[in-house]
file query_22.cif (mmCIF, C-alpha atoms; chains and numbers go by the auth columns)
data_upload
#
loop_
_atom_site.group_PDB
_atom_site.id
_atom_site.type_symbol
_atom_site.label_atom_id
_atom_site.label_comp_id
_atom_site.label_asym_id
_atom_site.label_seq_id
_atom_site.Cartn_x
_atom_site.Cartn_y
_atom_site.Cartn_z
_atom_site.B_iso_or_equiv
_atom_site.auth_seq_id
_atom_site.auth_asym_id
ATOM 1 C CA THR A 1 42.573 9.845 87.877 0.00 1 A
ATOM 2 C CA LEU A 2 45.447 8.500 89.924 0.00 2 A
ATOM 3 C CA TRP A 3 47.253 5.375 88.835 0.00 3 A
ATOM 4 C CA VAL A 4 49.265 3.516 91.466 0.00 4 A
ATOM 5 C CA ARG A 5 51.467 0.792 90.099 0.00 5 A
ATOM 6 C CA ALA A 6 52.286 -1.936 92.565 0.00 6 A
ATOM 7 C CA SER A 7 53.171 -5.598 92.478 0.00 7 A
ATOM 8 C CA PRO A 8 50.346 -8.077 93.069 0.00 8 A
ATOM 9 C CA GLY A 9 51.407 -8.576 96.704 0.00 9 A
ATOM 10 C CA MET A 10 51.543 -4.832 97.459 0.00 10 A
ATOM 11 C CA ASN A 11 47.856 -4.278 98.196 0.00 11 A
ATOM 12 C CA ARG A 12 48.810 -2.798 101.573 0.00 12 A
ATOM 13 C CA ILE A 13 50.652 0.092 99.891 0.00 13 A
ATOM 14 C CA VAL A 14 47.765 0.762 97.526 0.00 14 A
ATOM 15 C CA ALA A 15 45.317 0.739 100.430 0.00 15 A
ATOM 16 C CA SER A 16 47.550 3.194 102.338 0.00 16 A
ATOM 17 C CA VAL A 17 47.623 5.593 99.397 0.00 17 A
ATOM 18 C CA TYR A 18 43.853 5.322 99.069 0.00 18 A
ATOM 19 C CA ASP A 19 43.344 6.016 102.783 0.00 19 A
ATOM 20 C CA ALA A 20 45.742 8.978 102.668 0.00 20 A
ATOM 21 C CA LEU A 21 43.866 10.504 99.752 0.00 21 A
ATOM 22 C CA ARG A 22 40.485 9.875 101.359 0.00 22 A
ATOM 23 C CA ASN A 23 41.573 11.545 104.606 0.00 23 A
ATOM 24 C CA SER A 24 43.211 14.504 102.894 0.00 24 A
ATOM 25 C CA THR A 25 41.711 17.945 103.265 0.00 25 A
ATOM 26 C CA THR A 26 41.655 18.747 99.547 0.00 26 A
ATOM 27 C CA GLY A 27 38.015 17.718 99.250 0.00 27 A
ATOM 28 C CA VAL A 28 38.643 15.707 96.102 0.00 28 A
ATOM 29 C CA PRO A 29 35.914 13.082 95.766 0.00 29 A
ATOM 30 C CA LEU A 30 37.184 9.543 95.395 0.00 30 A
ATOM 31 C CA ALA A 31 35.125 7.133 93.378 0.00 31 A
ATOM 32 C CA ASP A 32 36.497 3.673 93.988 0.00 32 A
ATOM 33 C CA LEU A 33 39.668 1.679 93.921 0.00 33 A
ATOM 34 C CA LYS A 34 40.014 -0.666 90.965 0.00 34 A
ATOM 35 C CA SER A 35 42.888 -2.681 89.719 0.00 35 A
ATOM 36 C CA SER A 36 44.151 -2.369 86.173 0.00 36 A
ATOM 37 C CA ALA A 37 42.787 -5.837 85.422 0.00 37 A
ATOM 38 C CA GLU A 38 39.299 -4.738 86.540 0.00 38 A
ATOM 39 C CA ASN A 39 39.501 -1.618 84.353 0.00 39 A
ATOM 40 C CA THR A 40 40.617 -3.715 81.380 0.00 40 A
ATOM 41 C CA GLU A 41 37.844 -6.222 82.003 0.00 41 A
ATOM 42 C CA ALA A 42 35.240 -3.441 82.153 0.00 42 A
ATOM 43 C CA ALA A 43 36.499 -1.966 78.870 0.00 43 A
ATOM 44 C CA THR A 44 36.480 -5.415 77.263 0.00 44 A
ATOM 45 C CA ARG A 45 32.884 -6.017 78.390 0.00 45 A
ATOM 46 C CA GLU A 46 31.876 -2.678 76.873 0.00 46 A
ATOM 47 C CA VAL A 47 33.473 -3.521 73.520 0.00 47 A
ATOM 48 C CA GLN A 48 31.916 -6.995 73.566 0.00 48 A
ATOM 49 C CA SER A 49 28.469 -5.542 74.187 0.00 49 A
ATOM 50 C CA LEU A 50 28.910 -3.108 71.283 0.00 50 A
ATOM 51 C CA VAL A 51 30.035 -5.938 69.010 0.00 51 A
ATOM 52 C CA SER A 52 27.015 -8.005 70.115 0.00 52 A
ATOM 53 C CA ILE A 53 24.686 -5.131 69.252 0.00 53 A
ATOM 54 C CA VAL A 54 26.293 -4.704 65.824 0.00 54 A
ATOM 55 C CA ILE A 55 25.999 -8.446 65.135 0.00 55 A
ATOM 56 C CA LEU A 56 22.341 -8.397 66.181 0.00 56 A
ATOM 57 C CA ILE A 57 21.629 -5.441 63.880 0.00 57 A
ATOM 58 C CA PHE A 58 23.459 -7.231 61.043 0.00 58 A
ATOM 59 C CA ALA A 59 21.407 -10.390 61.631 0.00 59 A
ATOM 60 C CA VAL A 60 18.119 -8.467 61.602 0.00 60 A
ATOM 61 C CA ALA A 61 19.163 -6.614 58.435 0.00 61 A
ATOM 62 C CA LEU A 62 20.136 -9.904 56.792 0.00 62 A
ATOM 63 C CA LEU A 63 16.781 -11.433 57.756 0.00 63 A
ATOM 64 C CA LEU A 64 14.892 -8.456 56.327 0.00 64 A
ATOM 65 C CA ALA A 65 17.001 -8.568 53.163 0.00 65 A
ATOM 66 C CA SER A 66 16.267 -12.294 52.819 0.00 66 A
ATOM 67 C CA MET A 67 12.549 -11.654 53.131 0.00 67 A
ATOM 68 C CA GLY A 68 12.745 -8.929 50.484 0.00 68 A
ATOM 69 C CA ILE A 69 14.766 -11.150 48.179 0.00 69 A
ATOM 70 C CA TYR A 70 12.289 -13.979 48.673 0.00 70 A
ATOM 71 C CA GLY A 71 9.409 -11.664 47.778 0.00 71 A
ATOM 72 C CA THR A 72 11.198 -10.346 44.701 0.00 72 A
ATOM 73 C CA ILE A 73 12.090 -13.808 43.406 0.00 73 A
ATOM 74 C CA ALA A 74 8.626 -15.209 44.134 0.00 74 A
ATOM 75 C CA TYR A 75 7.025 -12.282 42.300 0.00 75 A
ATOM 76 C CA ALA A 76 9.424 -12.663 39.359 0.00 76 A
ATOM 77 C CA ALA A 77 8.613 -16.377 39.205 0.00 77 A
ATOM 78 C CA VAL A 78 4.860 -15.723 39.131 0.00 78 A
ATOM 79 C CA MET A 79 5.216 -12.980 36.510 0.00 79 A
ATOM 80 C CA ARG A 80 7.422 -15.174 34.322 0.00 80 A
ATOM 81 C CA ARG A 81 5.319 -18.304 34.702 0.00 81 A
ATOM 82 C CA THR A 82 4.362 -18.423 31.024 0.00 82 A
ATOM 83 C CA GLU A 83 7.912 -17.730 29.886 0.00 83 A
ATOM 84 C CA VAL A 84 9.231 -20.483 32.144 0.00 84 A
ATOM 85 C CA ALA A 85 6.539 -22.885 30.904 0.00 85 A
ATOM 86 C CA VAL A 86 7.570 -22.239 27.286 0.00 86 A
ATOM 87 C CA ARG A 87 11.228 -22.787 28.165 0.00 87 A
ATOM 88 C CA LEU A 88 10.438 -26.041 29.986 0.00 88 A
ATOM 89 C CA ALA A 89 8.244 -27.214 27.097 0.00 89 A
ATOM 90 C CA LEU A 90 11.101 -26.566 24.694 0.00 90 A
ATOM 91 C CA GLY A 91 13.445 -28.666 26.849 0.00 91 A
ATOM 92 C CA ALA A 92 15.303 -26.153 28.979 0.00 92 A
ATOM 93 C CA SER A 93 17.237 -27.598 31.906 0.00 93 A
ATOM 94 C CA ARG A 94 16.231 -27.014 35.507 0.00 94 A
ATOM 95 C CA LEU A 95 19.417 -25.020 36.089 0.00 95 A
ATOM 96 C CA HIS A 96 18.584 -22.736 33.174 0.00 96 A
ATOM 97 C CA VAL A 97 15.065 -22.178 34.531 0.00 97 A
ATOM 98 C CA ALA A 98 16.470 -21.391 37.987 0.00 98 A
ATOM 99 C CA ARG A 99 18.898 -18.912 36.431 0.00 99 A
ATOM 100 C CA VAL A 100 16.051 -17.204 34.569 0.00 100 A
ATOM 101 C CA VAL A 101 14.029 -16.854 37.770 0.00 101 A
ATOM 102 C CA MET A 102 16.941 -15.654 39.905 0.00 102 A
ATOM 103 C CA ASN A 103 18.605 -13.399 37.336 0.00 103 A
ATOM 104 C CA GLU A 104 16.499 -10.293 37.962 0.00 104 A
ATOM 105 C CA ALA A 105 16.630 -10.570 41.749 0.00 105 A
ATOM 106 C CA ALA A 106 20.369 -11.250 41.740 0.00 106 A
ATOM 107 C CA GLY A 107 20.973 -8.155 39.623 0.00 107 A
ATOM 108 C CA GLN A 108 18.916 -6.010 41.971 0.00 108 A
ATOM 109 C CA ALA A 109 20.665 -7.500 45.006 0.00 109 A
ATOM 110 C CA ALA A 110 24.123 -6.871 43.529 0.00 110 A
ATOM 111 C CA LEU A 111 23.195 -3.289 42.657 0.00 111 A
ATOM 112 C CA GLY A 112 21.807 -2.765 46.170 0.00 112 A
ATOM 113 C CA LEU A 113 24.958 -4.206 47.734 0.00 113 A
ATOM 114 C CA ILE A 114 27.238 -1.969 45.676 0.00 114 A
ATOM 115 C CA VAL A 115 25.157 1.149 46.368 0.00 115 A
ATOM 116 C CA GLY A 116 25.004 0.250 50.075 0.00 116 A
ATOM 117 C CA VAL A 117 28.754 -0.256 50.455 0.00 117 A
ATOM 118 C CA VAL A 118 29.676 2.874 48.496 0.00 118 A
ATOM 119 C CA GLY A 119 26.981 4.937 50.229 0.00 119 A
ATOM 120 C CA GLY A 120 28.112 3.720 53.637 0.00 120 A
ATOM 121 C CA GLN A 121 31.723 4.620 52.890 0.00 121 A
ATOM 122 C CA LEU A 122 30.732 8.073 51.631 0.00 122 A
ATOM 123 C CA ALA A 123 28.468 8.705 54.613 0.00 123 A
ATOM 124 C CA THR A 124 31.218 7.667 57.000 0.00 124 A
ATOM 125 C CA ALA A 125 33.697 9.947 55.265 0.00 125 A
ATOM 126 C CA MET A 126 31.304 12.905 55.545 0.00 126 A
ATOM 127 C CA ILE A 127 30.895 12.615 59.326 0.00 127 A
ATOM 128 C CA PRO A 128 33.714 14.580 60.984 0.00 128 A
ATOM 129 C CA GLU A 129 33.527 12.608 64.240 0.00 129 A
ATOM 130 C CA ALA A 130 34.024 9.342 62.361 0.00 130 A
ATOM 131 C CA THR A 131 37.763 9.740 61.911 0.00 131 A
ATOM 132 C CA THR A 132 38.582 7.043 64.441 0.00 132 A
ATOM 133 C CA PRO A 133 40.177 3.818 63.193 0.00 133 A
ATOM 134 C CA LEU A 134 36.925 1.954 63.969 0.00 134 A
ATOM 135 C CA ALA A 135 34.820 4.202 61.719 0.00 135 A
ATOM 136 C CA MET A 136 35.595 2.485 58.419 0.00 136 A
ATOM 137 C CA PRO A 137 35.116 -1.278 58.481 0.00 137 A
ATOM 138 C CA PRO A 138 38.027 -3.334 57.201 0.00 138 A
ATOM 139 C CA MET A 139 37.631 -4.821 53.762 0.00 139 A
ATOM 140 C CA ASP A 140 37.421 -8.370 55.129 0.00 140 A
ATOM 141 C CA VAL A 141 34.327 -7.361 57.137 0.00 141 A
ATOM 142 C CA VAL A 142 32.757 -5.857 54.013 0.00 142 A
ATOM 143 C CA MET A 143 33.572 -9.035 52.077 0.00 143 A
ATOM 144 C CA LEU A 144 32.094 -11.187 54.856 0.00 144 A
ATOM 145 C CA ALA A 145 28.902 -9.128 54.702 0.00 145 A
ATOM 146 C CA ALA A 146 28.812 -9.494 50.901 0.00 146 A
ATOM 147 C CA VAL A 147 29.250 -13.265 51.144 0.00 147 A
ATOM 148 C CA ALA A 148 26.542 -13.466 53.819 0.00 148 A
ATOM 149 C CA PHE A 149 24.256 -11.414 51.585 0.00 149 A
ATOM 150 C CA ALA A 150 24.958 -13.682 48.596 0.00 150 A
ATOM 151 C CA LEU A 151 24.271 -16.725 50.743 0.00 151 A
ATOM 152 C CA ALA A 152 20.996 -15.153 51.885 0.00 152 A
ATOM 153 C CA LEU A 153 20.118 -14.623 48.211 0.00 153 A
ATOM 154 C CA VAL A 154 20.662 -18.288 47.439 0.00 154 A
ATOM 155 C CA ILE A 155 18.774 -19.515 50.515 0.00 155 A
ATOM 156 C CA ALA A 156 15.851 -17.142 49.941 0.00 156 A
ATOM 157 C CA SER A 157 15.545 -18.269 46.334 0.00 157 A
ATOM 158 C CA VAL A 158 15.262 -21.990 47.070 0.00 158 A
ATOM 159 C CA ALA A 159 11.484 -22.060 47.663 0.00 159 A
ATOM 160 C CA PRO A 160 10.461 -19.980 44.600 0.00 160 A
ATOM 161 C CA VAL A 161 12.791 -21.936 42.331 0.00 161 A
ATOM 162 C CA ARG A 162 11.462 -25.262 43.639 0.00 162 A
ATOM 163 C CA ARG A 163 7.933 -23.992 43.067 0.00 163 A
ATOM 164 C CA VAL A 164 8.826 -23.176 39.452 0.00 164 A
ATOM 165 C CA TRP A 165 10.456 -26.574 38.967 0.00 165 A
ATOM 166 C CA SER A 166 7.356 -28.365 40.244 0.00 166 A
ATOM 167 C CA MET A 167 5.022 -26.303 38.025 0.00 167 A
ATOM 168 C CA ASP A 168 2.890 -28.178 35.503 0.00 168 A
ATOM 169 C CA TYR A 169 3.947 -26.318 32.397 0.00 169 A
ATOM 170 C CA SER A 170 1.407 -28.019 30.105 0.00 170 A
ATOM 171 C CA SER A 171 -1.562 -26.648 32.084 0.00 171 A
ATOM 172 C CA THR A 172 0.125 -23.237 32.284 0.00 172 A
ATOM 173 C CA LEU A 173 0.501 -23.180 28.501 0.00 173 A
ATOM 174 C CA ARG A 174 -3.170 -24.183 28.070 0.00 174 A
ATOM 175 C CA GLU A 175 -4.230 -21.216 30.223 0.00 175 A
#
call {"tool": "encode", "arguments": {"input": "query_22.cif", "output": "structure tokens"}}
result
Amino acid sequence: TLWVRASPGMNRIVASVYDALRNSTTGVPLADLKSSAENTEAATREVQSLVSIVILIFAVALLLASMGIYGTIAYAAVMRRTEVAVRLALGASRLHVARVVMNEAAGQAALGLIVGVVGGQLATAMIPEATTPLAMPPMDVVMLAAVAFALALVIASVAPVRRVWSMDYSSTLRE
């Protein structure tokens, strides 16, 4: 790699150096002539594409986690239908019923998030090639992921909780 530093108006000098190297008898293959701005732009595009891929993977993982959370909360709501009907019959508030339905799924989600973060940090520490500064995500990125996961938990739980709220608890108790 040969770097030639010239002012923006000195393209003639750069072209002369390129021609001299191309016509030399050393047999060194020359790839192409790029400015520093073009090299920087190419590196920036590469980093942006990697960031886009990571964001896409994060979005897919968040979608899959939301679907799993939805399934867990819906199943917990169906399994606790009688318990919820008794609570509603005794005068429990809607917020209390929602907390009962979401409690189990939220505990599992929190445990999964903690195990995932700790496991990811340990796995990264065990890989010898991962000693670059980009290997360990900054804590604000981990916190952003945790907040996004918590938000996914709340959004995924809306439909099962609404279904429990609209349940006819008198017919459930008769069954």
call {"tool": "resolve_selection", "arguments": {"input": "query_22.cif", "expression": "the PyMOL selection byres ((chain A and resi 107-113) around 10)", "output": "ChimeraX atom specification"}}
result
/A:65,68-69,72,102-106,114-119,145-146,149-150,153
call {"tool": "residues_near_point", "arguments": {"input": "query_22.cif", "point": "(8.6, -11.3, 49.5)", "cutoff": "12 Å", "atoms": "all atoms listed in the file", "output": "list in words"}}
result
Leu63, Leu64, Ala65, Ser66, Met67, Gly68, Ile69, Tyr70, Gly71, Thr72, Ile73, Ala74, Tyr75, Ala76, Ala77, Val78, Ala105, Ala156, Ser157, Ala159 and Pro160 of chain A
call {"tool": "atom_distance", "arguments": {"input": "query_22.cif", "atom1": "CA of Tyr18 (chain A)", "atom2": "CA of Thr40 (chain A)"}}
result
20.1 Å
call {"tool": "atom_distance", "arguments": {"input": "query_22.cif", "atom1": "CA of Ala123 (chain A)", "atom2": "CA of Ala43 (chain A)"}}
result
27.7 Å
call {"tool": "axis_aligned_box", "arguments": {"input": "query_22.cif", "around": "region 10-20 of chain A", "padding_each_side": "8 Å", "output": "lines of an AutoDock Vina configuration file"}}
result
center_x = 47.4
center_y = 2.1
center_z = 100.1
size_x = 24.2
size_y = 29.8
size_z = 21.3
call {"tool": "resolve_selection", "arguments": {"input": "query_22.cif", "expression": "the PyMOL selection byres ((chain A and resi 173) around 12)", "output": "number ranges by chain"}}
result
A: 81-90, 167-172, 174-175
call {"tool": "atom_distance", "arguments": {"input": "query_22.cif", "atom1": "CA of His96 (chain A)", "atom2": "CA of Leu151 (chain A)"}}
result
19.4 Å
call {"tool": "decode", "arguments": {"input": "query_22.cif", "residues": "region 114-126 of chain A", "atoms": "all heavy atoms", "output": "short mmCIF file (atom, residue, chain, number, x, y, z; two decimals), in the first residue's frame"}}
result
data_model
loop_
_atom_site.label_atom_id
_atom_site.label_comp_id
_atom_site.auth_asym_id
_atom_site.auth_seq_id
_atom_site.Cartn_x
_atom_site.Cartn_y
_atom_site.Cartn_z
N ILE A 114 -31.52 -12.05 32.21
CA ILE A 114 -30.31 -12.08 33.03
C ILE A 114 -29.37 -13.18 32.57
O ILE A 114 -28.16 -12.96 32.39
CB ILE A 114 -30.68 -12.25 34.53
CG1 ILE A 114 -31.36 -10.99 35.04
CG2 ILE A 114 -29.45 -12.57 35.37
CD1 ILE A 114 -32.01 -11.14 36.39
N VAL A 115 -29.91 -14.38 32.34
CA VAL A 115 -29.07 -15.50 31.88
C VAL A 115 -28.48 -15.18 30.51
O VAL A 115 -27.31 -15.47 30.24
CB VAL A 115 -29.89 -16.81 31.85
CG1 VAL A 115 -29.15 -17.90 31.12
CG2 VAL A 115 -30.21 -17.25 33.27
N GLY A 116 -29.25 -14.55 29.63
CA GLY A 116 -28.75 -14.20 28.31
C GLY A 116 -27.63 -13.18 28.34
O GLY A 116 -26.62 -13.33 27.65
N VAL A 117 -27.77 -12.15 29.16
CA VAL A 117 -26.73 -11.12 29.24
C VAL A 117 -25.46 -11.69 29.87
O VAL A 117 -24.36 -11.50 29.34
CB VAL A 117 -27.23 -9.89 30.04
CG1 VAL A 117 -26.10 -8.96 30.39
CG2 VAL A 117 -28.29 -9.15 29.24
N VAL A 118 -25.61 -12.41 30.97
CA VAL A 118 -24.43 -12.99 31.63
C VAL A 118 -23.79 -14.04 30.73
O VAL A 118 -22.56 -14.09 30.58
CB VAL A 118 -24.81 -13.57 33.01
CG1 VAL A 118 -23.67 -14.39 33.60
CG2 VAL A 118 -25.21 -12.46 33.96
N GLY A 119 -24.59 -14.89 30.11
CA GLY A 119 -24.05 -15.91 29.21
C GLY A 119 -23.35 -15.30 28.01
O GLY A 119 -22.30 -15.78 27.58
N GLY A 120 -23.91 -14.24 27.47
CA GLY A 120 -23.27 -13.55 26.34
C GLY A 120 -21.93 -12.94 26.73
O GLY A 120 -20.96 -13.01 25.98
N GLN A 121 -21.87 -12.35 27.91
CA GLN A 121 -20.62 -11.76 28.39
C GLN A 121 -19.57 -12.84 28.63
O GLN A 121 -18.40 -12.67 28.28
CB GLN A 121 -20.84 -10.95 29.67
CG GLN A 121 -21.74 -9.75 29.50
CD GLN A 121 -21.13 -8.68 28.64
OE1 GLN A 121 -19.94 -8.58 28.47
NE2 GLN A 121 -21.98 -7.86 28.04
N LEU A 122 -19.99 -13.96 29.22
CA LEU A 122 -19.04 -15.05 29.46
C LEU A 122 -18.56 -15.68 28.15
O LEU A 122 -17.38 -15.99 28.00
CB LEU A 122 -19.68 -16.12 30.35
CG LEU A 122 -19.88 -15.73 31.81
CD1 LEU A 122 -20.64 -16.82 32.56
CD2 LEU A 122 -18.55 -15.45 32.49
N ALA A 123 -19.47 -15.86 27.22
CA ALA A 123 -19.09 -16.44 25.93
C ALA A 123 -18.14 -15.52 25.18
O ALA A 123 -17.17 -15.98 24.55
CB ALA A 123 -20.34 -16.71 25.08
N THR A 124 -18.38 -14.22 25.25
CA THR A 124 -17.49 -13.27 24.60
C THR A 124 -16.11 -13.28 25.25
O THR A 124 -15.10 -13.19 24.57
CB THR A 124 -18.09 -11.86 24.66
OG1 THR A 124 -19.38 -11.88 24.06
CG2 THR A 124 -17.23 -10.86 23.93
N ALA A 125 -16.08 -13.41 26.56
CA ALA A 125 -14.80 -13.42 27.26
C ALA A 125 -14.00 -14.69 26.97
O ALA A 125 -12.78 -14.68 27.02
CB ALA A 125 -15.02 -13.29 28.76
N MET A 126 -14.67 -15.77 26.62
CA MET A 126 -13.99 -17.04 26.37
C MET A 126 -13.42 -17.15 24.96
O MET A 126 -12.60 -18.02 24.70
CB MET A 126 -14.95 -18.20 26.64
CG MET A 126 -15.33 -18.32 28.10
SD MET A 126 -16.58 -19.57 28.40
CE MET A 126 -15.67 -21.05 28.02
#
